[in-house]
file structure26.cif (mmCIF, C-alpha atoms)
data_coords
#
loop_
_atom_site.group_PDB
_atom_site.id
_atom_site.type_symbol
_atom_site.label_atom_id
_atom_site.label_comp_id
_atom_site.auth_asym_id
_atom_site.auth_seq_id
_atom_site.Cartn_x
_atom_site.Cartn_y
_atom_site.Cartn_z
ATOM 1 C CA LEU T 1 0.000 0.000 0.000
ATOM 2 C CA PRO T 2 1.269 3.530 -0.696
ATOM 3 C CA PRO T 3 2.004 5.608 2.403
ATOM 4 C CA SER T 4 -0.870 7.650 3.766
ATOM 5 C CA PRO T 5 -0.660 11.341 2.911
ATOM 6 C CA SER T 6 0.225 13.704 5.730
ATOM 7 C CA PRO T 7 -2.760 15.403 7.380
ATOM 8 C CA PRO T 8 -3.437 18.898 5.986
ATOM 9 C CA THR T 9 -2.439 20.571 9.282
ATOM 10 C CA THR T 10 0.907 18.735 9.240
ATOM 11 C CA GLN T 11 1.550 19.762 5.630
ATOM 12 C CA LEU T 12 0.711 23.369 6.500
ATOM 13 C CA TRP T 13 3.040 23.352 9.492
ATOM 14 C CA MET T 14 5.860 21.888 7.393
ATOM 15 C CA ARG T 15 5.459 24.649 4.784
ATOM 16 C CA ILE T 16 5.359 27.361 7.473
ATOM 17 C CA GLN T 17 8.382 25.868 9.216
ATOM 18 C CA GLN T 18 10.370 25.751 5.967
ATOM 19 C CA VAL T 19 9.585 29.392 5.160
ATOM 20 C CA ALA T 20 10.417 30.682 8.661
ATOM 21 C CA LEU T 21 13.607 28.658 9.044
ATOM 22 C CA ALA T 22 14.838 29.605 5.576
ATOM 23 C CA ALA T 23 14.382 33.300 6.351
ATOM 24 C CA LEU T 24 16.075 33.017 9.751
ATOM 25 C CA ALA T 25 19.006 31.194 8.194
ATOM 26 C CA ALA T 26 19.364 33.489 5.180
ATOM 27 C CA ALA T 27 19.243 36.884 6.858
ATOM 28 C CA ASN T 28 22.043 38.221 9.023
ATOM 29 C CA ILE T 29 21.094 41.406 10.849
ATOM 30 C CA ASN T 30 24.643 42.303 11.769
ATOM 31 C CA GLN T 31 26.221 41.888 8.332
ATOM 32 C CA GLN T 32 25.987 45.619 7.565
ATOM 33 C CA ASP T 33 22.599 45.372 5.884
ATOM 34 C CA PRO T 34 19.757 45.208 8.439
ATOM 35 C CA GLN T 35 17.343 46.668 5.874
ATOM 36 C CA ARG T 36 17.870 43.683 3.582
ATOM 37 C CA SER T 37 17.394 41.341 6.558
ATOM 38 C CA PHE T 38 14.127 43.136 7.343
ATOM 39 C CA GLU T 39 12.976 42.669 3.748
ATOM 40 C CA VAL T 40 13.755 38.920 3.901
ATOM 41 C CA TYR T 41 11.691 38.581 7.083
ATOM 42 C CA VAL T 42 8.790 40.598 5.651
ATOM 43 C CA GLU T 43 8.739 38.431 2.528
ATOM 44 C CA ALA T 44 8.652 35.296 4.718
ATOM 45 C CA ALA T 45 5.815 36.707 6.868
ATOM 46 C CA GLN T 46 3.768 37.559 3.783
ATOM 47 C CA GLN T 47 4.384 34.097 2.329
ATOM 48 C CA ILE T 48 3.184 32.496 5.591
ATOM 49 C CA LEU T 49 0.060 34.689 5.530
ATOM 50 C CA ARG T 50 -0.679 33.436 2.001
ATOM 51 C CA GLU T 51 -0.701 29.900 3.464
ATOM 52 C CA GLN T 52 -3.746 30.959 5.534
ATOM 53 C CA PRO T 53 -2.437 29.960 8.996
ATOM 54 C CA ALA T 54 -4.535 29.872 12.166
ATOM 55 C CA PRO T 55 -6.246 33.218 12.933
ATOM 56 C CA ALA T 56 -4.074 33.876 16.010
ATOM 57 C CA MET T 57 -0.877 33.413 14.001
ATOM 58 C CA ALA T 58 -2.175 35.554 11.152
ATOM 59 C CA GLU T 59 -3.021 38.348 13.587
ATOM 60 C CA MET T 60 0.416 38.093 15.220
ATOM 61 C CA LEU T 61 2.155 38.403 11.841
ATOM 62 C CA LYS T 62 -0.012 41.310 10.685
ATOM 63 C CA SER T 63 0.563 43.149 13.953
ATOM 64 C CA ALA T 64 4.339 42.594 13.753
ATOM 65 C CA LEU T 65 4.444 43.840 10.150
ATOM 66 C CA GLY T 66 2.653 47.015 11.171
ATOM 67 C CA ASP T 67 4.765 47.596 14.286
ATOM 68 C CA ALA T 68 8.025 46.956 12.448
ATOM 69 C CA ALA T 69 7.133 49.328 9.618
ATOM 70 C CA ARG T 70 6.703 52.108 12.183
ATOM 71 C CA GLN T 71 10.165 51.543 13.687
ATOM 72 C CA PRO T 72 12.558 54.295 12.513
ATOM 73 C CA ASP T 73 15.700 52.193 12.920
ATOM 74 C CA PRO T 74 16.358 49.400 10.337
ATOM 75 C CA THR T 75 18.079 47.189 12.922
ATOM 76 C CA GLN T 76 15.093 47.411 15.269
ATOM 77 C CA ARG T 77 12.747 46.623 12.380
ATOM 78 C CA ALA T 78 14.786 43.534 11.539
ATOM 79 C CA TRP T 79 14.910 42.316 15.132
ATOM 80 C CA GLN T 80 11.140 42.841 15.517
ATOM 81 C CA MET T 81 10.419 40.581 12.554
ATOM 82 C CA ARG T 82 13.080 38.041 13.525
ATOM 83 C CA ARG T 83 11.519 37.621 16.984
ATOM 84 C CA THR T 84 8.086 37.230 15.415
ATOM 85 C CA LEU T 85 9.250 34.467 13.068
ATOM 86 C CA GLY T 86 10.768 32.771 16.108
ATOM 87 C CA GLU T 87 7.369 32.988 17.795
ATOM 88 C CA VAL T 88 5.778 31.440 14.690
ATOM 89 C CA LEU T 89 8.013 28.396 15.114
ATOM 90 C CA ASN T 90 7.218 28.386 18.829
ATOM 91 C CA GLU T 91 3.457 28.412 18.194
ATOM 92 C CA GLU T 92 3.403 25.599 15.644
ATOM 93 C CA ALA T 93 6.008 23.178 16.959
ATOM 94 C CA GLY T 94 3.859 22.256 19.936
ATOM 95 C CA ALA T 95 1.635 20.259 17.581
ATOM 96 C CA SER T 96 4.326 17.603 17.158
ATOM 97 C CA PHE T 97 5.587 17.362 20.726
ATOM 98 C CA VAL T 98 3.689 18.483 23.812
ATOM 99 C CA SER T 99 4.777 18.072 27.411
ATOM 100 C CA GLU T 100 1.811 18.201 29.766
ATOM 101 C CA GLY T 101 2.186 21.072 32.210
ATOM 102 C CA GLY T 102 5.690 21.892 30.996
ATOM 103 C CA LEU T 103 7.525 19.455 33.277
ATOM 104 C CA PRO T 104 8.879 16.865 33.229
ATOM 105 C CA ILE T 105 10.260 16.744 29.694
ATOM 106 C CA ASP T 106 11.368 13.233 28.786
ATOM 107 C CA PHE T 107 14.066 13.375 26.116
ATOM 108 C CA SER T 108 14.053 9.595 25.722
ATOM 109 C CA ASP T 109 11.009 10.316 23.513
ATOM 110 C CA PRO T 110 12.493 10.641 19.994
ATOM 111 C CA ARG T 111 9.970 13.363 19.100
ATOM 112 C CA ALA T 112 11.538 15.683 21.685
ATOM 113 C CA ALA T 113 14.757 15.945 19.673
ATOM 114 C CA GLY T 114 12.804 17.415 16.770
ATOM 115 C CA ALA T 115 11.332 20.154 18.940
ATOM 116 C CA TRP T 116 14.503 22.299 19.040
ATOM 117 C CA VAL T 117 15.357 25.196 16.704
ATOM 118 C CA PRO T 118 18.982 26.328 16.135
ATOM 119 C CA VAL T 119 19.771 29.936 17.105
ATOM 120 C CA ASP T 120 23.528 30.098 16.466
ATOM 121 C CA ASP T 121 26.013 32.971 16.291
ATOM 122 C CA ARG T 122 25.354 33.349 12.559
ATOM 123 C CA ILE T 123 22.922 36.127 13.572
ATOM 124 C CA MET T 124 26.063 37.987 14.793
ATOM 125 C CA GLY T 125 28.346 37.190 11.880
ATOM 126 C CA GLY T 126 29.723 33.932 13.345
ATOM 127 C CA ARG T 127 29.991 30.495 11.747
ATOM 128 C CA SER T 128 29.119 28.089 14.587
ATOM 129 C CA SER T 129 26.462 25.442 13.961
ATOM 130 C CA SER T 130 24.327 23.231 16.175
ATOM 131 C CA ARG T 131 21.447 20.804 16.131
ATOM 132 C CA VAL T 132 19.613 18.387 18.430
ATOM 133 C CA VAL T 133 19.271 14.758 17.336
ATOM 134 C CA PHE T 134 17.963 11.657 19.060
ATOM 135 C CA ASP T 135 20.651 9.206 20.200
ATOM 136 C CA ALA T 136 18.906 5.833 20.309
ATOM 137 C CA ALA T 137 21.818 4.113 22.085
ATOM 138 C CA ALA T 138 21.725 6.650 24.930
ATOM 139 C CA ALA T 139 17.929 7.134 24.806
ATOM 140 C CA ALA T 140 18.589 10.866 25.027
ATOM 141 C CA ALA T 141 18.597 14.080 23.026
ATOM 142 C CA SER T 142 22.055 15.112 21.820
ATOM 143 C CA PHE T 143 22.912 18.821 21.516
ATOM 144 C CA GLU T 144 25.855 18.765 19.134
ATOM 145 C CA GLY T 145 27.647 20.741 16.488
ATOM 146 C CA GLU T 146 30.745 22.806 15.781
ATOM 147 C CA LEU T 147 31.884 25.846 17.766
ATOM 148 C CA VAL T 148 33.782 28.497 15.796
ATOM 149 C CA VAL T 149 35.359 31.001 18.171
ATOM 150 C CA GLU T 150 35.877 33.746 15.585
ATOM 151 C CA GLY T 151 32.820 35.938 15.268
ATOM 152 C CA GLY T 152 29.987 35.332 17.709
ATOM 153 C CA GLY T 153 31.552 32.445 19.618
ATOM 154 C CA PHE T 154 28.384 30.561 20.610
ATOM 155 C CA ALA T 155 26.063 27.801 19.440
ATOM 156 C CA SER T 156 22.552 27.487 20.813
ATOM 157 C CA VAL T 157 19.143 25.909 20.353
ATOM 158 C CA ARG T 158 15.692 26.846 21.600
ATOM 159 C CA PHE T 159 12.972 24.393 22.680
ATOM 160 C CA SER T 160 10.083 25.253 20.360
ATOM 161 C CA PRO T 161 6.941 23.972 22.108
ATOM 162 C CA PRO T 162 5.331 26.309 24.640
ATOM 163 C CA PHE T 163 7.279 25.939 27.889
ATOM 164 C CA ARG T 164 5.949 26.717 31.356
ATOM 165 C CA LEU T 165 7.024 25.810 34.884
ATOM 166 C CA PRO T 166 4.852 24.921 37.878
ATOM 167 C CA PRO T 167 4.490 28.278 39.661
ATOM 168 C CA ASP T 168 5.667 27.065 43.069
ATOM 169 C CA ILE T 169 9.055 25.499 42.186
ATOM 170 C CA ASP T 170 12.417 27.140 42.901
ATOM 171 C CA ALA T 171 14.754 24.781 41.021
ATOM 172 C CA LEU T 172 15.063 22.532 37.979
ATOM 173 C CA GLN T 173 16.534 19.035 37.865
ATOM 174 C CA LEU T 174 18.607 18.194 34.785
ATOM 175 C CA GLU T 175 19.843 14.695 33.900
ATOM 176 C CA ALA T 176 22.761 15.066 31.484
ATOM 177 C CA ARG T 177 26.199 13.917 30.418
ATOM 178 C CA GLY T 178 28.780 15.763 28.359
ATOM 179 C CA ASP T 179 32.168 15.858 26.705
ATOM 180 C CA GLY T 180 33.989 17.631 29.543
ATOM 181 C CA ARG T 181 33.762 21.092 27.981
ATOM 182 C CA GLN T 182 33.191 24.265 29.955
ATOM 183 C CA GLY T 183 30.700 26.803 28.673
ATOM 184 C CA TYR T 184 27.458 24.814 28.426
ATOM 185 C CA LYS T 185 24.454 26.761 29.678
ATOM 186 C CA LEU T 186 20.772 26.223 30.273
ATOM 187 C CA THR T 187 18.813 29.335 29.325
ATOM 188 C CA LEU T 188 15.335 30.541 30.288
ATOM 189 C CA ARG T 189 13.226 33.522 29.265
ATOM 190 C CA SER T 190 10.691 35.345 31.401
ATOM 191 C CA ASP T 191 7.440 37.170 30.699
ATOM 192 C CA ALA T 192 8.524 39.705 33.336
ATOM 193 C CA ALA T 193 11.616 40.760 31.338
ATOM 194 C CA PRO T 194 12.064 42.237 27.832
ATOM 195 C CA PRO T 195 12.451 39.666 25.015
ATOM 196 C CA SER T 196 16.141 40.573 24.622
ATOM 197 C CA ILE T 197 16.980 39.275 28.131
ATOM 198 C CA SER T 198 17.972 35.642 28.660
ATOM 199 C CA TYR T 199 18.495 34.097 32.094
ATOM 200 C CA GLN T 200 21.513 31.776 31.927
ATOM 201 C CA LEU T 201 23.052 29.187 34.229
ATOM 202 C CA GLN T 202 26.452 27.725 33.385
ATOM 203 C CA LEU T 203 26.632 23.955 33.828
ATOM 204 C CA PRO T 204 29.675 22.306 35.403
ATOM 205 C CA PRO T 205 31.915 20.279 33.069
ATOM 206 C CA LEU T 206 30.414 16.791 32.685
ATOM 207 C CA THR T 207 32.639 13.803 31.946
ATOM 208 C CA GLY T 208 32.234 10.030 31.903
ATOM 209 C CA ASP T 209 29.629 7.649 30.570
ATOM 210 C CA ARG T 210 27.067 8.104 33.356
ATOM 211 C CA PHE T 211 24.224 10.613 33.252
ATOM 212 C CA ILE T 212 24.484 13.052 36.170
ATOM 213 C CA GLN T 213 21.615 14.640 38.095
ATOM 214 C CA LEU T 214 22.084 18.402 38.459
ATOM 215 C CA ARG T 215 19.919 20.633 40.669
ATOM 216 C CA LEU T 216 19.667 24.090 39.108
ATOM 217 C CA PRO T 217 18.183 26.748 41.458
ATOM 218 C CA LEU T 218 16.307 29.485 39.626
ATOM 219 C CA SER T 219 18.158 32.009 41.803
ATOM 220 C CA ASP T 220 21.434 30.932 40.134
ATOM 221 C CA PHE T 221 20.294 31.986 36.641
ATOM 222 C CA HIS T 222 21.912 35.294 35.599
ATOM 223 C CA PRO T 223 20.118 37.795 33.325
ATOM 224 C CA THR T 224 22.089 38.728 30.205
ATOM 225 C CA SER T 225 21.409 40.517 26.947
ATOM 226 C CA ARG T 226 23.628 39.937 23.897
ATOM 227 C CA GLY T 227 26.471 38.669 26.082
ATOM 228 C CA ARG T 228 26.281 41.449 28.688
ATOM 229 C CA PRO T 229 24.914 41.230 32.250
ATOM 230 C CA VAL T 230 21.661 43.042 33.097
ATOM 231 C CA PRO T 231 21.884 43.589 36.870
ATOM 232 C CA ASP T 232 18.594 45.500 37.126
ATOM 233 C CA ALA T 233 16.520 42.788 35.386
ATOM 234 C CA PRO T 234 13.522 41.399 37.298
ATOM 235 C CA PRO T 235 14.244 38.300 39.435
ATOM 236 C CA LEU T 236 13.520 35.003 37.709
ATOM 237 C CA ARG T 237 10.316 33.428 39.033
ATOM 238 C CA ALA T 238 8.894 30.081 37.969
ATOM 239 C CA ARG T 239 5.474 31.485 37.141
ATOM 240 C CA ASP T 240 7.010 33.884 34.587
ATOM 241 C CA VAL T 241 9.225 31.391 32.700
ATOM 242 C CA ARG T 242 8.137 30.928 29.088
ATOM 243 C CA ALA T 243 11.071 29.532 27.089
ATOM 244 C CA LEU T 244 13.926 27.035 27.404
ATOM 245 C CA GLY T 245 17.241 26.801 25.572
ATOM 246 C CA LEU T 246 20.691 25.196 25.514
ATOM 247 C CA MET T 247 23.933 26.958 24.649
ATOM 248 C CA LEU T 248 27.672 26.475 24.348
ATOM 249 C CA SER T 249 29.289 29.890 24.688
ATOM 250 C CA ARG T 250 32.654 31.526 25.220
ATOM 251 C CA TYR T 251 30.940 34.246 27.253
ATOM 252 C CA ASP T 252 30.597 34.129 31.025
ATOM 253 C CA THR T 253 27.098 34.506 32.500
ATOM 254 C CA GLU T 254 28.163 37.208 34.971
ATOM 255 C CA GLY T 255 30.344 39.588 33.039
ATOM 256 C CA GLY T 256 30.467 38.912 29.334
ATOM 257 C CA ALA T 257 34.181 38.036 29.483
ATOM 258 C CA LYS T 258 35.384 35.418 27.019
ATOM 259 C CA GLN T 259 36.379 32.056 28.451
ATOM 260 C CA ALA T 260 39.217 29.870 27.205
ATOM 261 C CA ILE T 261 36.910 27.466 25.371
ATOM 262 C CA PRO T 262 38.410 25.760 22.316
ATOM 263 C CA ALA T 263 36.832 25.616 18.907
ATOM 264 C CA GLY T 264 35.695 22.303 17.445
ATOM 265 C CA PRO T 265 32.976 19.671 17.744
ATOM 266 C CA PHE T 266 30.883 19.385 20.901
ATOM 267 C CA GLN T 267 28.187 17.156 22.385
ATOM 268 C CA LEU T 268 25.918 17.476 25.438
ATOM 269 C CA GLN T 269 23.259 14.819 25.978
ATOM 270 C CA ILE T 270 20.152 15.375 28.070
ATOM 271 C CA LYS T 271 17.749 12.689 29.211
ATOM 272 C CA ARG T 272 15.259 14.571 31.367
ATOM 273 C CA ILE T 273 14.332 17.975 32.781
ATOM 274 C CA SER T 274 12.042 18.000 35.798
ATOM 275 C CA ALA T 275 11.166 20.086 38.850
ATOM 276 C CA GLY T 276 13.953 20.143 41.427
ATOM 277 C CA GLU T 277 13.450 19.707 45.140
ATOM 278 C CA SER T 278 12.644 22.933 46.930
ATOM 279 C CA GLU T 279 15.030 24.526 49.402
ATOM 280 C CA ILE T 280 12.425 23.941 52.139
ATOM 281 C CA VAL T 281 12.372 20.175 51.509
ATOM 282 C CA ILE T 282 16.172 19.965 51.404
ATOM 283 C CA ASN T 283 16.591 21.956 54.630
ATOM 284 C CA GLY T 284 13.861 19.918 56.314
ATOM 285 C CA ARG T 285 15.647 16.674 55.460
ATOM 286 C CA ARG T 286 18.877 18.067 56.873
ATOM 287 C CA TRP T 287 17.078 19.010 60.076
ATOM 288 C CA LEU T 288 15.531 15.536 60.434
ATOM 289 C CA ASN T 289 18.767 13.719 59.519
ATOM 290 C CA PRO T 290 21.675 15.900 60.698
ATOM 291 C CA GLN T 291 25.140 14.815 59.571
ATOM 292 C CA PRO T 292 27.721 14.290 62.330
ATOM 293 C CA ALA T 293 30.366 16.973 62.599
ATOM 294 C CA ALA T 294 33.760 16.228 61.050
ATOM 295 C CA GLY T 295 35.854 14.188 63.497
ATOM 296 C CA ALA T 296 32.871 13.233 65.671
ATOM 297 C CA GLU T 297 32.717 9.649 66.846
#
call {"tool": "encode", "arguments": {"input": "structure26.cif", "output": "structure tokens"}}
result
Amino acid sequence: LPPSPSPPTTQLWMRIQQVALAALAAANINQQDPQRSFEVYVEAAQQILREQPAPAMAEMLKSALGDAARQPDPTQRAWQMRRTLGEVLNEEAGASFVSEGGLPIDFSDPRAAGAWVPVDDRIMGGRSSSRVVFDAAAAAASFEGELVVEGGGFASVRFSPPFRLPPDIDALQLEARGDGRQGYKLTLRSDAAPPSISYQLQLPPLTGDRFIQLRLPLSDFHPTSRGRPVPDAPPLRARDVRALGLMLSRYDTEGGAKQAIPAGPFQLQIKRISAGESEIVINGRRWLNPQPAAGAE
């Protein structure tokens, strides 16, 4: 029997995805021609509108086109449309992989690997590349690629489906293993902060064959914007978190200084992201089961 045709909604999403990704890959805002980048994004938005997407997406695109046209600065116009095309991918990708309630996210599900979108330093004139693929042997998602230190100096991906945290948690739990590199980060975005601000937490170097459980307090995530710290940004609260990402970067989360991170291939594998134990639970367990002082008999 011939294979069944894809459902119309799947075909539509594939066409929209191809248009948005092609525009994001082709345009480079910082290569001395933001006006041309803006024109590429506008053409992509108009092409998506011709596909007759869902009413909410159509309204979002029309609103962005109007807002961007009123921006006096070409760079701001380009960034406005770039963010909107990113939101288009964010809106539609949830149809293929949905995590109930945001957490936990089980990356042993092969579909989860396809729910990431590359956002590499090519937007800043760099040449790094990244992707997320499913590693069947490890039953995990593999964030991998090539870091080029000249230019932007980072490789990153964004989790496309809508991402929310339970409002009462104060930490995440990450199960991961890596190649021993420094510079891997988990990134979050918040509704309480401008879209340009990313909250980043640098992961410790991970070596060996075993997956390691890491507790990542939300209070340890540092707000940054384009590689620079934003000390007056709102505190990161679980109820405001709306986006998740992974990054390998030469830039420190606290000061923007470059780290001694070599160029070349990289790989970080993640198996699961879940809610971490709260500080109250951890302190309560310590109170109930105190550890003897060093040297005590």
call {"tool": "atom_distance", "arguments": {"input": "structure26.cif", "atom1": "CA of Gly126 (chain T)", "atom2": "CA of Ala263 (chain T)"}}
result
12.3 Å
call {"tool": "axis_aligned_box", "arguments": {"input": "structure26.cif", "around": "region 241-253 of chain T", "padding_each_side": "8 Å", "output": "JSON"}}
result
{"center_x": 20.4, "center_y": 29.9, "center_z": 28.5, "size_x": 40.5, "size_y": 25.3, "size_z": 24.4}
call {"tool": "resolve_selection", "arguments": {"input": "structure26.cif", "expression": "the PyMOL selection byres ((chain T and resi 156) around 7)", "output": "PyMOL selection string"}}
result
chain T and resi 118-120+130+154-155+157-158+246-248
call {"tool": "atom_distance", "arguments": {"input": "structure26.cif", "atom1": "CA of Ala115 (chain T)", "atom2": "CA of Ala176 (chain T)"}}
result
17.7 Å
call {"tool": "residues_around", "arguments": {"input": "structure26.cif", "residues": "Pro229 (chain T)", "least_positions_apart": "2", "cutoff": "12 Å", "atoms": "all atoms listed in the file", "output": "list of chain:residue names"}}
result
T:Ser196, T:Ile197, T:Ser198, T:Tyr199, T:Gln200, T:Phe221, T:His222, T:Pro223, T:Thr224, T:Ser225, T:Arg226, T:Gly227, T:Pro231, T:Asp232, T:Ala233, T:Tyr251, T:Asp252, T:Thr253, T:Glu254, T:Gly255, T:Gly256, T:Ala257
call {"tool": "closest_residue", "arguments": {"input": "structure26.cif", "among": "T:Gly180, T:Pro167, T:Pro194, T:Pro53", "to": "Arg237 (chain T)", "atoms": "only C-alpha atoms"}}
result
T:Pro167
call {"tool": "atom_distance", "arguments": {"input": "structure26.cif", "atom1": "CA of Ala243 (chain T)", "atom2": "CA of Arg127 (chain T)"}}
result
24.4 Å
call {"tool": "closest_residue", "arguments": {"input": "structure26.cif", "among": "T:Val149, T:Leu174, T:Leu165, T:Ala113", "to": "Ala260 (chain T)", "atoms": "only C-alpha atoms"}}
result
T:Val149
call {"tool": "closest_residue", "arguments": {"input": "structure26.cif", "among": "T:Pro162, T:Pro72, T:Gly178, T:Pro110", "to": "Leu203 (chain T)", "atoms": "all atoms listed in the file"}}
result
T:Gly178
call {"tool": "residues_around", "arguments": {"input": "structure26.cif", "residues": "region 135-138 of chain T", "least_positions_apart": "6", "cutoff": "10 Å", "atoms": "only C-alpha atoms", "output": "compact mmCIF listing (two decimals) with C-alpha atoms, in the coordinates of the input"}}
result
# COMPACT_ATOMS: atom_id res chain seq x y z
CA PHE T 107 14.07 13.38 26.12
CA SER T 108 14.05 9.60 25.72
CA ASP T 109 11.01 10.32 23.51
CA PRO T 110 12.49 10.64 19.99
CA ALA T 113 14.76 15.94 19.67
CA ASP T 209 29.63 7.65 30.57
CA PHE T 211 24.22 10.61 33.25
CA GLN T 269 23.26 14.82 25.98
CA ILE T 270 20.15 15.38 28.07
CA LYS T 271 17.75 12.69 29.21
